[in-house]
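Chemist: This is model.txt (compact mmCIF, C-alpha atoms).
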```txt
# COMPACT_ATOMS: atom_id res chain seq x y z
CA MET A 26 -2.81 15.52 13.06
CA SER A 27 0.84 14.47 13.41
CA ARG A 28 2.77 12.99 10.50
CA ALA A 29 2.96 9.66 12.35
CA ARG A 30 -0.80 9.48 12.76
CA GLU A 31 -1.39 10.62 9.18
CA SER A 32 0.70 7.68 7.95
CA LEU A 33 -1.64 5.23 9.69
CA LYS A 34 -4.33 5.94 7.09
CA THR A 35 -2.35 4.19 4.36
CA ALA A 36 -1.01 1.29 6.46
CA ARG A 37 -1.86 -2.05 4.89
CA ARG A 38 -0.16 -4.72 7.04
CA ILE A 39 -1.15 -4.42 10.70
CA VAL A 40 -0.45 -6.53 13.77
CA ILE A 41 -3.14 -6.31 16.45
CA LYS A 42 -2.35 -7.69 19.90
CA VAL A 43 -5.05 -8.25 22.52
CA GLY A 44 -4.34 -8.95 26.17
CA THR A 45 -6.13 -11.06 28.73
CA SER A 46 -7.50 -7.93 30.43
CA THR A 47 -9.46 -7.15 27.26
CA LEU A 48 -10.61 -10.72 26.67
CA ALA A 49 -11.86 -11.48 30.18
CA HIS A 50 -14.17 -9.90 32.75
CA ALA A 51 -12.11 -8.40 35.57
CA GLU A 52 -14.52 -9.52 38.30
CA SER A 53 -15.11 -13.15 37.35
CA GLY A 54 -12.11 -13.90 35.12
CA LYS A 55 -14.46 -15.49 32.59
CA LEU A 56 -14.23 -14.65 28.89
CA ASN A 57 -15.95 -11.42 27.85
CA LEU A 58 -17.83 -12.66 24.80
CA TYR A 59 -19.38 -9.25 24.12
CA ARG A 60 -15.95 -7.63 23.91
CA ILE A 61 -14.45 -10.50 21.89
CA GLU A 62 -17.26 -10.42 19.32
CA HIS A 63 -17.06 -6.65 18.85
CA LEU A 64 -13.27 -6.84 18.48
CA ILE A 65 -13.48 -9.62 15.91
CA ARG A 66 -16.18 -7.79 13.97
CA GLU A 67 -13.95 -4.72 13.82
CA ILE A 68 -10.94 -6.79 12.68
CA ALA A 69 -13.08 -8.54 10.06
CA ASP A 70 -14.26 -5.20 8.70
CA LEU A 71 -10.68 -3.90 8.49
CA HIS A 72 -9.80 -7.06 6.57
CA ASN A 73 -12.75 -6.44 4.24
CA ALA A 74 -11.37 -2.95 3.64
CA GLY A 75 -8.18 -4.46 2.23
CA LYS A 76 -5.96 -4.52 5.31
CA GLU A 77 -3.71 -7.48 6.06
CA ILE A 78 -4.28 -8.33 9.72
CA ILE A 79 -2.13 -10.51 11.99
CA PHE A 80 -3.93 -11.14 15.29
CA VAL A 81 -1.74 -11.85 18.36
CA SER A 82 -3.80 -13.12 21.27
CA SER A 83 -3.15 -13.70 24.94
CA GLY A 84 -5.60 -15.52 27.18
CA ALA A 85 -4.90 -19.25 26.71
CA ILE A 86 -4.07 -19.94 30.36
CA ALA A 87 -6.98 -17.80 31.56
CA ALA A 88 -9.32 -19.64 29.19
CA GLY A 89 -8.05 -22.97 30.49
CA MET A 90 -8.58 -21.88 34.10
CA ASN A 91 -12.09 -20.76 33.21
CA LYS A 92 -12.85 -24.09 31.50
CA LEU A 93 -11.76 -26.10 34.56
CA GLY A 94 -13.18 -23.72 37.17
CA ILE A 95 -9.75 -22.89 38.62
CA LYS A 96 -9.71 -19.55 40.45
CA ILE A 97 -6.01 -19.16 41.31
CA LYS A 98 -3.27 -19.50 38.70
CA PRO A 99 -0.96 -22.46 39.47
CA GLN A 100 2.70 -21.86 40.18
CA THR A 101 4.24 -24.84 38.38
CA ILE A 102 5.24 -24.86 34.69
CA PRO A 103 3.55 -28.21 33.86
CA GLU A 104 0.21 -27.04 35.30
CA ASN A 105 0.35 -23.80 33.33
CA GLN A 106 1.36 -25.71 30.20
CA ALA A 107 -1.67 -27.97 30.66
CA LEU A 108 -4.00 -24.99 31.15
CA ALA A 109 -2.58 -23.35 28.03
CA ALA A 110 -3.16 -26.52 26.01
CA ILE A 111 -6.77 -26.64 27.16
CA GLY A 112 -7.31 -22.90 26.80
CA GLN A 113 -5.88 -22.67 23.28
CA GLY A 114 -8.63 -24.98 22.08
CA VAL A 115 -11.28 -22.91 23.87
CA LEU A 116 -10.01 -19.65 22.41
CA MET A 117 -9.66 -20.96 18.88
CA HIS A 118 -13.17 -22.41 18.99
CA ILE A 119 -14.54 -18.99 19.94
CA TYR A 120 -12.38 -17.16 17.39
CA GLU A 121 -13.31 -19.60 14.63
CA LYS A 122 -17.01 -19.17 15.39
CA PHE A 123 -16.99 -15.37 15.47
CA PHE A 124 -14.63 -14.86 12.53
CA ALA A 125 -16.69 -17.32 10.44
CA GLU A 126 -19.86 -15.38 11.24
CA TYR A 127 -18.23 -12.35 9.58
CA GLY A 128 -16.96 -14.33 6.60
CA GLN A 129 -13.33 -14.64 7.65
CA THR A 130 -10.95 -17.61 7.69
CA ILE A 131 -8.25 -17.88 10.35
CA GLY A 132 -5.09 -19.96 10.78
CA GLN A 133 -3.34 -20.58 14.09
CA ILE A 134 0.41 -20.07 14.55
CA LEU A 135 2.10 -21.01 17.85
CA LEU A 136 5.58 -19.59 18.45
CA THR A 137 8.34 -19.83 21.03
CA LYS A 138 11.51 -17.79 21.47
CA GLU A 139 13.37 -20.38 19.41
CA ASN A 140 11.32 -19.35 16.38
CA ALA A 141 12.67 -15.82 16.74
CA SER A 142 16.28 -16.57 17.71
CA ASP A 143 17.13 -19.29 15.20
CA GLU A 144 17.55 -18.01 11.63
CA HIS A 145 16.12 -21.14 10.00
CA ALA A 146 13.11 -21.26 12.35
CA LEU A 147 12.57 -17.54 11.88
CA GLU A 148 12.42 -17.93 8.11
CA ASN A 149 9.99 -20.84 8.41
CA SER A 150 7.73 -18.84 10.72
CA ARG A 151 7.81 -15.85 8.37
CA ASN A 152 6.98 -18.04 5.38
CA SER A 153 4.08 -19.65 7.21
CA LEU A 154 2.61 -16.28 8.21
CA GLN A 155 3.08 -14.95 4.69
CA ALA A 156 1.38 -17.99 3.17
CA ILE A 157 -1.68 -17.54 5.40
CA LEU A 158 -1.87 -13.86 4.38
CA ASN A 159 -1.47 -14.78 0.70
CA MET A 160 -4.47 -17.11 1.02
CA GLY A 161 -6.59 -14.21 2.25
CA ALA A 162 -6.84 -15.56 5.79
CA ILE A 163 -6.03 -13.99 9.17
CA PRO A 164 -3.16 -15.52 11.20
CA VAL A 165 -3.93 -15.92 14.91
CA VAL A 166 -0.64 -16.00 16.81
CA ASN A 167 0.16 -16.93 20.38
CA GLU A 168 3.19 -18.03 22.35
CA ASN A 169 3.23 -21.81 22.55
CA ASP A 170 2.79 -21.96 26.33
CA ALA A 171 1.86 -25.64 26.17
CA VAL A 172 5.48 -26.61 25.45
CA ALA A 173 7.54 -23.51 26.31
CA VAL A 174 9.57 -23.37 29.53
CA ASP A 175 11.27 -20.41 31.20
CA GLU A 176 14.47 -20.84 29.21
CA ILE A 177 12.75 -20.53 25.81
CA LYS A 178 9.67 -18.40 26.55
CA ILE A 179 9.45 -15.01 24.88
CA GLY A 180 7.88 -14.05 28.18
CA ASP A 181 4.86 -11.97 27.26
CA ASN A 182 2.69 -11.35 24.26
CA ASP A 183 3.58 -7.65 24.05
CA ASN A 184 7.12 -8.56 23.04
CA LEU A 185 5.83 -11.46 20.96
CA SER A 186 3.65 -9.08 18.96
CA ALA A 187 6.64 -6.81 18.30
CA ILE A 188 8.71 -9.80 17.17
CA VAL A 189 5.90 -10.87 14.83
CA ALA A 190 5.53 -7.32 13.48
CA ALA A 191 9.25 -7.16 12.69
CA MET A 192 9.27 -10.70 11.30
CA ILE A 193 6.48 -10.03 8.81
CA ASN A 194 7.51 -6.43 7.95
CA ALA A 195 4.30 -4.91 9.31
CA GLU A 196 3.79 -1.18 9.11
CA VAL A 197 1.83 -0.84 12.35
CA LEU A 198 1.53 -2.69 15.65
CA ILE A 199 -1.52 -1.90 17.79
CA ILE A 200 -1.49 -3.19 21.37
CA LEU A 201 -4.96 -3.25 22.91
CA SER A 202 -4.83 -2.69 26.65
CA ASP A 203 -7.14 -1.94 29.58
CA ILE A 204 -5.77 1.61 29.71
CA ASP A 205 -6.02 4.49 27.22
CA GLY A 206 -2.27 4.63 26.59
CA LEU A 207 0.93 5.74 28.30
CA TYR A 208 0.43 8.35 31.02
CA ASN A 209 3.02 10.56 32.68
CA GLY A 210 1.96 8.99 35.98
CA ASN A 211 -0.32 6.25 37.25
CA PRO A 212 -3.90 7.36 36.41
CA LYS A 213 -5.29 4.86 38.91
CA THR A 214 -3.68 6.70 41.81
CA ASP A 215 -2.82 10.14 40.38
CA LYS A 216 -5.77 12.22 39.16
CA SER A 217 -3.40 14.72 37.54
CA ALA A 218 -1.77 12.04 35.35
CA ARG A 219 -1.88 13.06 31.67
CA LEU A 220 -2.07 10.82 28.62
CA ILE A 221 1.00 11.12 26.40
CA ASP A 222 -0.16 11.50 22.80
CA GLU A 223 3.10 10.68 21.01
CA VAL A 224 6.51 9.29 21.95
CA SER A 225 9.24 9.98 19.40
CA GLU A 226 12.10 8.63 21.54
CA ILE A 227 12.06 5.94 24.22
CA ASN A 228 14.51 7.33 26.74
CA SER A 229 15.16 6.64 30.42
CA GLU A 230 12.38 9.04 31.44
CA ILE A 231 9.80 7.11 29.41
CA GLU A 232 11.05 3.83 30.84
CA LYS A 233 10.76 5.19 34.40
CA ILE A 234 7.20 6.39 33.75
CA ALA A 235 6.35 2.92 32.47
CA GLY A 236 7.67 1.25 35.60
CA GLY A 237 11.37 0.79 35.13
CA ALA A 238 13.78 0.01 37.96
CA GLY A 239 13.74 2.44 40.86
CA THR A 240 10.30 3.96 40.31
CA LYS A 241 6.80 3.48 41.68
CA LEU A 242 5.06 5.37 38.90
CA GLY A 243 4.52 2.44 36.58
CA THR A 244 1.13 1.02 35.67
CA GLY A 245 0.52 -2.71 35.45
CA GLY A 246 2.02 -4.30 32.37
CA MET A 247 3.17 -1.02 30.83
CA PHE A 248 6.88 -1.73 31.01
CA THR A 249 6.63 -4.71 28.66
CA LYS A 250 4.72 -2.50 26.24
CA ILE A 251 7.61 -0.03 26.24
CA GLN A 252 9.99 -2.92 25.58
CA ALA A 253 7.77 -3.92 22.67
CA ALA A 254 7.74 -0.33 21.39
CA LYS A 255 11.56 -0.22 21.41
CA LEU A 256 11.72 -3.45 19.45
CA ALA A 257 8.99 -2.44 17.01
CA THR A 258 10.21 1.07 16.23
CA SER A 259 13.82 -0.10 15.87
CA ASN A 260 12.54 -2.37 13.09
CA GLY A 261 10.58 0.38 11.32
CA VAL A 262 7.19 -0.46 12.81
CA THR A 263 4.98 2.30 14.23
CA MET A 264 3.33 1.16 17.47
CA LEU A 265 0.22 2.29 19.34
CA ILE A 266 -1.19 1.50 22.77
CA VAL A 267 -4.98 1.78 22.58
CA ASN A 268 -7.80 0.99 25.00
CA GLY A 269 -9.33 -2.27 23.82
CA SER A 270 -12.52 -1.83 25.82
CA THR A 271 -13.98 0.89 23.59
CA ASN A 272 -15.82 -0.07 20.42
CA GLY A 273 -14.37 1.52 17.29
CA ASN A 274 -10.94 2.38 18.69
CA LEU A 275 -9.11 0.28 16.11
CA ARG A 276 -10.78 2.04 13.19
CA ARG A 277 -10.38 5.45 14.84
CA ALA A 278 -6.66 4.83 15.38
CA LEU A 279 -6.12 3.70 11.80
CA ASN A 280 -8.04 6.75 10.55
CA GLY A 281 -5.37 8.89 12.22
CA GLU A 282 -7.60 10.11 15.03
CA ASN A 283 -6.07 11.09 18.35
CA VAL A 284 -6.51 7.75 20.10
CA GLY A 285 -4.08 6.24 22.60
CA THR A 286 -0.32 6.72 22.53
CA ILE A 287 1.64 6.43 19.30
CA PHE A 288 5.33 5.49 19.21
CA SER A 289 6.66 6.95 16.00
CA ILE A 290 9.67 5.71 14.05
CA LYS A 291 12.61 7.90 13.19
CA ASN A 292 12.93 8.78 9.52
```
Re-express the file's structure as structure tokens.

Modeler:
Amino acid sequence: MSRARESLKTARRIVIKVGTSTLAHAESGKLNLYRIEHLIREIADLHNAGKEIIFVSSGAIAAGMNKLGIKIKPQTIPENQALAAIGQGVLMHIYEKFFAEYGQTIGQILLTKENASDEHALENSRNSLQAILNMGAIPVVNENDAVAVDEIKIGDNDNLSAIVAAMINAEVLIILSDIDGLYNGNPKTDKSARLIDEVSEINSEIEKIAGGAGTKLGTGGMFTKIQAAKLATSNGVTMLIVNGSTNGNLRRALNGENVGTIFSIKN
């Protein structure tokens, strides 16, 4: 077991980010209630074990589309803002129900890029998150898509989760994905692609593997996860990419087991 993975055993403050691909069925686009319930049960149990959990969730627009029976994502900002407003309510209703069943209280925080770029807003956001944690509750964080526009959007919830992890001085950020971690090629098209266990430095080679400019090796959504890893590790936060479709992966990762890809911080 590497030193980076060994340190996960004692981590107390953890940010867990879940993407739409984990929350929804790939075929229908409808919410995967089985997966959501198992994920929330695992988070609730980690909280019972004394961990401080901050839950960053995607899926508001997808939930809104599902609610209204829309199959194709609209192209205009107002339409997507409206879907996010509808979907946030749907998601929070589901989260509230499942977390309550396992004895947990949650509090919603909606952020935009302004909250991270303005010092006063940043401090207010940090204080709000800290107060929810102090009350023994679990913050549920999402980008405020209902009011954000291109000029102020953080852009994706991978980077948002890294910003939140740095903001709240988390020890670990776990990004749950639909893939086991970072591979040295695209496992969907290259059978010889190998999972990378640990990344100690995010260099140009890693960025190219993840889908940087001038390469066709990247897997869907992986480049933003590498951006998040750079931001997280530069702020002293260890980051992992873990498959969110497998029950028990969160606990296995935090027990130091060889799950996913870990991005270690430099000492």

Chemist: Using atom CA of A:Ile68 and atom CA of A:Ala156 as the two end points, give the distance in Å to one decimal.

Modeler: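 A separation of 19.2 Å between them.
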
Chemist: As a ChimeraX atom specification, please: the residues near stretch 210-226 of chain A (cut-off 12 Å, all atoms listed in the file, same-chain neighbours under 6 positions excluded).

Modeler: /A:26-30,203-204,232-236,240-247,251,254-255,258-259,263-268,278,282-292

Chemist: Find the spatial neighbours of stretch 100-116 of chain A, counting all atoms listed in the file, within a cut-off of 12 Å - ignore same-chain residues fewer than 6 positions away - and output them as a count of residues only.

Modeler: 40

Chemist: Separation of atom CA of A:Gln129 and atom CA of A:Val40, in Å?

Modeler: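 Between these atoms lies a distance of 16.4 Å.
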
Chemist: Around the point (1.7, -15.6, 8.4) (coordinates from the file), which residues reach within 6 Å if we count only C-alpha atoms? Answer as a PDB file with C-alpha atoms, in the coordinates of the input.

Modeler:
```pdb
ATOM      1  CA  SER A 153       4.080 -19.650   7.210  1.00  0.00           C
ATOM      2  CA  LEU A 154       2.610 -16.280   8.210  1.00  0.00           C
ATOM      3  CA  GLN A 155       3.080 -14.950   4.690  1.00  0.00           C
ATOM      4  CA  ALA A 156       1.380 -17.990   3.170  1.00  0.00           C
ATOM      5  CA  ILE A 157      -1.680 -17.540   5.400  1.00  0.00           C
ATOM      6  CA  LEU A 158      -1.870 -13.860   4.380  1.00  0.00           C
ATOM      7  CA  PRO A 164      -3.160 -15.520  11.200  1.00  0.00           C
TER       8      PRO A 164
END
```

Chemist: Smallest atom-to-atom distance to A:Ala125: which of A:Glu62, A:Arg151, A:Leu198, A:Phe80, using only C-alpha atoms?

Modeler: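 Nearest to A:Ala125: A:Glu62.
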
Chemist: Measuring between only C-alpha atoms, which one of A:Ala69, A:Leu33, A:Ile78, A:Leu279 shows the shortest distance to A:Asn159?

Modeler: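 Of A:Ala69, A:Leu33, A:Ile78, A:Leu279, the one nearest A:Asn159 is A:Ile78, counting only C-alpha atoms.
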
Chemist: Smallest atom-to-atom distance to A:Ile199: which of A:Asn228, A:Ser186, A:Thr130, A:Thr249, using all atoms listed in the file?

Modeler: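 Distance minimum relative to A:Ile199 lands on A:Ser186.
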
Chemist: Nearest to A:Met160 among A:Gly54, A:Met117, A:Ile131, A:Thr47, with distances taken over all atoms listed in the file: which residue is it?

Modeler: A:Ile131

Chemist: Taking into account all atoms listed in the file, which residue in the set A:Pro99, A:Asn182, A:Asn152, A:Gly273 is nearest to A:Thr137?

Modeler: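 Of A:Pro99, A:Asn182, A:Asn152, A:Gly273, the one nearest A:Thr137, counting all atoms listed in the file, is A:Asn182.
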
Chemist: With only C-alpha atoms as the atoms that count, which of A:Glu230, A:Glu121, A:Glu126, A:Glu67 lies nearest to A:Arg276?

Modeler: A:Glu67

Chemist: Tell me, in Å to one decimal, how far atom CA of A:Ser270 is from atom CA of A:Leu207.

Modeler: 15.6 Å
